[in-house]
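What follows is one structure encoded as structure tokens, with my remarks underneath.
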Amino acid sequence: MSNLKILFDYKAVNNDLHIGWGFSVLIDNKILFDTGEKGRWLLYNIRYMNIDLNSIESVVISHDHWDHTGGLWNLLKHRRGLQVYGCPGFSKKFKNKVKKYKTELIEVPLFKDINSEKDFPEINGMDYILSSGEIEGEYNGEYIAEQSLIIKKQERNLIVLTGCAHSGIINILNKIKAKFKDYKLSLVLGGFHLMRTDQNKIDLIIDKFRQLGIEKVGATHCSGKEAEKMFKAEYKDKFIPIRVGAELNI
């Protein structure tokens, strides 16, 4: 069973936690996916949730926009020796800044296992956390590199975490499903980049989710309130509210 703690988002379980723009989730107290917009708030939430900062081993950055990397720099100041996983297509500015902290930057062009440093392992009886590798997308007419995180369960289920899904949430899921043909997509959560998407297109995306057999959904961040409402109406009790301070055991 995988443990997911939501560390940063625009809603929280109570008013004591900091909220903001961006996304961050901690997996099994070891691997952090994205860091939200502000490091001081991220570190506060980590302390509030009684998480040992030294237990975090790696940070996976979905893409190098400010609302996903903003918390990284404070984190690197306070937690030395972290590995940072990024995409080859990230900006030179981002890469150089990571290296200034004397931190190992691991660039991930293709599917890669994060736990064991082995590329795409196939060992039964274990859960693995993998990067999707760089998936190309577009933002404001320019190329953007983005990766998603995949938890490959021993029950032959997949949990997919997305940062902003600039390359298209369905495109991302199709690529992952093509790689793991015999696995079920049990949960997809994160930003789906649907804030400025009309209802008809959101309906088509929800239909595609159903066709892909996705059992549970946690749409948040840049998914947009309309998309969140529509996914919740479709998935009912299988819709997972994403809130800072929430903890999921899946």
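Here, A, B, ... name the chains of the structure tokens in the order displayed, residue numbers run from 1 inside each chain, and ligands are numbered from 1 in the same displayed order.
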Each residue of stretch 72-124 of chain A lying at most 8 Å from stretch 28-47 of chain A should get a row with its shortest atom-to-atom pair and the distance in Å to one decimal, counting only C-alpha atoms; could you produce that, ordered by chain and increasing number, as a Markdown table?
| residue | atom | partner | partner_atom | distance |
| --- | --- | --- | --- | --- |
| A:Leu72 | CA | A:Thr35 | CA | 5.7 |
| A:Trp73 | CA | A:Gly39 | CA | 6.7 |
| A:Asn74 | CA | A:Gly39 | CA | 5.0 |
| A:Leu75 | CA | A:Gly39 | CA | 6.5 |
(request) Would you list, as an NGL selection string, the residues of stretch 36-165 of chain A that end up in helix (DSSP H, G or I) under DSSP run on this structure's backbone? (result) :A and (39-48 or 53-55 or 66-69 or 72-78 or 92-100)
Go ahead and write the selection's residues with C-alpha atoms as a PDB file, in the first residue's frame.
ATOM      1  CA  GLY A  39       9.363  27.108  -0.080  1.00  0.00           C
ATOM      2  CA  ARG A  40       8.559  28.724   3.271  1.00  0.00           C
ATOM      3  CA  TRP A  41       4.966  27.532   3.023  1.00  0.00           C
ATOM      4  CA  LEU A  42       5.998  24.057   1.867  1.00  0.00           C
ATOM      5  CA  LEU A  43       8.406  23.635   4.787  1.00  0.00           C
ATOM      6  CA  TYR A  44       5.780  24.893   7.220  1.00  0.00           C
ATOM      7  CA  ASN A  45       3.286  22.308   5.948  1.00  0.00           C
ATOM      8  CA  ILE A  46       5.915  19.567   6.216  1.00  0.00           C
ATOM      9  CA  ARG A  47       6.592  20.475   9.859  1.00  0.00           C
ATOM     10  CA  TYR A  48       2.890  20.848  10.639  1.00  0.00           C
ATOM     11  CA  LEU A  53      12.517  16.247   6.406  1.00  0.00           C
ATOM     12  CA  ASN A  54      15.478  13.862   6.436  1.00  0.00           C
ATOM     13  CA  SER A  55      13.234  10.991   5.325  1.00  0.00           C
ATOM     14  CA  TRP A  66       7.424  28.503 -10.886  1.00  0.00           C
ATOM     15  CA  ASP A  67       4.342  26.975  -9.278  1.00  0.00           C
ATOM     16  CA  HIS A  68       5.949  23.528  -9.283  1.00  0.00           C
ATOM     17  CA  THR A  69       9.554  24.474  -8.544  1.00  0.00           C
ATOM     18  CA  LEU A  72      12.465  23.427  -4.289  1.00  0.00           C
ATOM     19  CA  TRP A  73      15.114  25.982  -3.386  1.00  0.00           C
ATOM     20  CA  ASN A  74      14.235  26.260   0.309  1.00  0.00           C
ATOM     21  CA  LEU A  75      13.974  22.500   0.430  1.00  0.00           C
ATOM     22  CA  LEU A  76      17.481  22.091  -1.013  1.00  0.00           C
ATOM     23  CA  LYS A  77      18.837  24.543   1.571  1.00  0.00           C
ATOM     24  CA  HIS A  78      17.418  22.547   4.460  1.00  0.00           C
ATOM     25  CA  LYS A  92      19.344  25.793 -18.572  1.00  0.00           C
ATOM     26  CA  LYS A  93      18.409  28.301 -15.874  1.00  0.00           C
ATOM     27  CA  PHE A  94      16.658  25.595 -13.855  1.00  0.00           C
ATOM     28  CA  LYS A  95      19.433  23.044 -14.335  1.00  0.00           C
ATOM     29  CA  ASN A  96      22.164  25.492 -13.390  1.00  0.00           C
ATOM     30  CA  LYS A  97      20.290  26.608 -10.293  1.00  0.00           C
ATOM     31  CA  VAL A  98      19.880  23.005  -9.098  1.00  0.00           C
ATOM     32  CA  LYS A  99      23.593  22.380  -9.568  1.00  0.00           C
ATOM     33  CA  LYS A 100      24.468  25.510  -7.539  1.00  0.00           C
TER      34      LYS A 100
END
(request) Per DSSP on the backbone, filter stretch 26-227 of chain A down to the residues in strand (DSSP E or B) and report them as a PyMOL selection string. (result) chain A and resi 26-27+31-33+58-60+83-86+104-107+112-113+128-131+135-139+142-146+149-152+157-162+184-191+216-220
With C-alpha atoms retained, could you export that selection as a compact mmCIF listing (two decimals), in the first residue's frame?
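See part-v4.txt below for the written result:
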# COMPACT_ATOMS: atom_id res chain seq x y z
CA LEU A 26 4.88 13.10 -0.83
CA ILE A 27 4.93 9.38 -1.56
CA ILE A 31 9.75 10.76 -2.83
CA LEU A 32 8.37 14.27 -3.31
CA PHE A 33 6.53 15.13 -6.50
CA SER A 58 14.30 12.41 -3.93
CA VAL A 59 12.33 15.19 -5.58
CA VAL A 60 10.66 14.68 -8.95
CA GLN A 83 18.40 13.80 -5.76
CA VAL A 84 16.37 15.94 -8.17
CA TYR A 85 14.74 14.26 -11.16
CA GLY A 86 13.99 16.50 -14.13
CA GLU A 104 22.58 15.65 -8.20
CA LEU A 105 20.30 16.39 -11.13
CA ILE A 106 19.07 13.25 -12.89
CA GLU A 107 17.57 13.89 -16.31
CA LYS A 112 12.68 5.25 -15.37
CA ASP A 113 12.32 3.68 -11.94
CA TYR A 128 7.63 0.76 -7.95
CA ILE A 129 7.64 4.49 -8.43
CA LEU A 130 8.53 5.50 -11.97
CA SER A 131 8.82 8.59 -14.08
CA ILE A 135 6.52 13.96 -22.68
CA GLU A 136 6.47 16.95 -25.00
CA GLY A 137 3.79 19.58 -24.71
CA GLU A 138 3.07 23.21 -25.51
CA TYR A 139 2.51 26.26 -23.33
CA GLU A 142 6.34 27.18 -26.91
CA TYR A 143 7.68 23.69 -26.28
CA ILE A 144 7.44 22.43 -22.72
CA ALA A 145 8.95 19.28 -21.25
CA GLU A 146 6.91 17.49 -18.59
CA LEU A 149 4.90 10.01 -11.82
CA ILE A 150 3.61 6.45 -11.85
CA ILE A 151 3.16 4.13 -8.88
CA LYS A 152 3.21 0.60 -10.25
CA ASN A 157 -2.68 -1.34 -10.75
CA LEU A 158 -1.27 2.05 -11.66
CA ILE A 159 -1.56 5.36 -9.83
CA VAL A 160 -0.67 8.33 -12.02
CA LEU A 161 0.30 11.76 -10.65
CA THR A 162 0.35 14.72 -13.00
CA LYS A 184 -5.34 -1.15 -14.61
CA LEU A 185 -5.39 2.63 -14.10
CA SER A 186 -6.76 2.71 -10.56
CA LEU A 187 -6.25 6.41 -9.75
CA VAL A 188 -5.24 9.57 -11.61
CA LEU A 189 -4.64 12.70 -9.56
CA GLY A 190 -3.11 16.13 -9.98
CA GLY A 191 -3.44 19.00 -12.43
CA LYS A 216 -10.80 6.94 -9.16
CA VAL A 217 -9.96 10.56 -9.95
CA GLY A 218 -8.44 13.42 -7.96
CA ALA A 219 -8.60 16.49 -10.21
CA THR A 220 -7.06 19.61 -8.68
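Proximity of A:Gln211, A:Asn15, A:Ser91, A:Thr197 to A:Ser223, computed with only C-alpha atoms, is greatest for A:Thr197.
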(request) Name the closest residue to A:Ser24 among the candidates A:Asp237, A:His221, A:Arg210, A:Asp203; distances are taken between atoms, counting only C-alpha atoms. (result) A:His221
(request) Tell me which of A:Glu155, A:Asp127, A:Glu247, A:Asp64 sits closest to A:Tyr183, counting only C-alpha atoms. (result) A:Glu155
Would you list the contacts of A:Arg196 as an mmCIF file with N, CA and C atoms, in the first residue's frame, taking every protein, DNA or RNA residue within 10 Å and counting only C-alpha atoms, but skipping same-chain residues closer than 2 positions in sequence?
data_model
loop_
_atom_site.group_PDB
_atom_site.id
_atom_site.type_symbol
_atom_site.label_atom_id
_atom_site.label_comp_id
_atom_site.auth_asym_id
_atom_site.auth_seq_id
_atom_site.Cartn_x
_atom_site.Cartn_y
_atom_site.Cartn_z
ATOM 1 N N HIS A 193 -4.939 20.535 -16.379
ATOM 2 C CA HIS A 193 -4.819 21.670 -17.306
ATOM 3 C C HIS A 193 -6.096 21.866 -18.128
ATOM 4 N N LEU A 194 -7.215 22.028 -17.420
ATOM 5 C CA LEU A 194 -8.511 22.183 -18.091
ATOM 6 C C LEU A 194 -9.224 23.470 -17.682
ATOM 7 N N ASP A 198 -13.812 24.184 -22.501
ATOM 8 C CA ASP A 198 -15.277 24.235 -22.436
ATOM 9 C C ASP A 198 -15.849 22.895 -21.971
ATOM 10 N N GLN A 199 -17.101 22.941 -21.559
ATOM 11 C CA GLN A 199 -17.735 21.770 -20.952
ATOM 12 C C GLN A 199 -17.813 20.579 -21.910
ATOM 13 N N CYS A 222 -4.632 23.066 -11.655
ATOM 14 C CA CYS A 222 -5.018 23.712 -12.908
ATOM 15 C C CYS A 222 -6.128 22.961 -13.652
ATOM 16 N N SER A 223 -6.708 21.952 -13.011
ATOM 17 C CA SER A 223 -7.839 21.262 -13.645
ATOM 18 C C SER A 223 -9.016 22.221 -13.814
ATOM 19 N N GLY A 224 -9.143 23.158 -12.895
ATOM 20 C CA GLY A 224 -10.232 24.129 -12.972
ATOM 21 C C GLY A 224 -11.450 23.670 -12.185
ATOM 22 N N GLU A 226 -14.627 24.015 -12.803
ATOM 23 C CA GLU A 226 -15.681 23.386 -13.602
ATOM 24 C C GLU A 226 -15.368 21.923 -13.865
ATOM 25 N N ALA A 227 -14.121 21.646 -14.228
ATOM 26 C CA ALA A 227 -13.718 20.254 -14.477
ATOM 27 C C ALA A 227 -13.803 19.433 -13.200
#
(message) As an exercise, work out the distance from atom CA of A:Asn14 to atom CA of A:Ile206 in Å and give it to one decimal place.
(response)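 So the answer is 29.6 Å.
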(message) One decimal, in Å: what's the spacing between atom CA of A:Glu228 and atom CA of A:Gln154?
(response) 29.3 Å
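Proximity of A:Tyr235, A:Phe90, A:Phe209, A:Phe111 to A:Lys175, computed with only C-alpha atoms, is greatest for A:Phe111.
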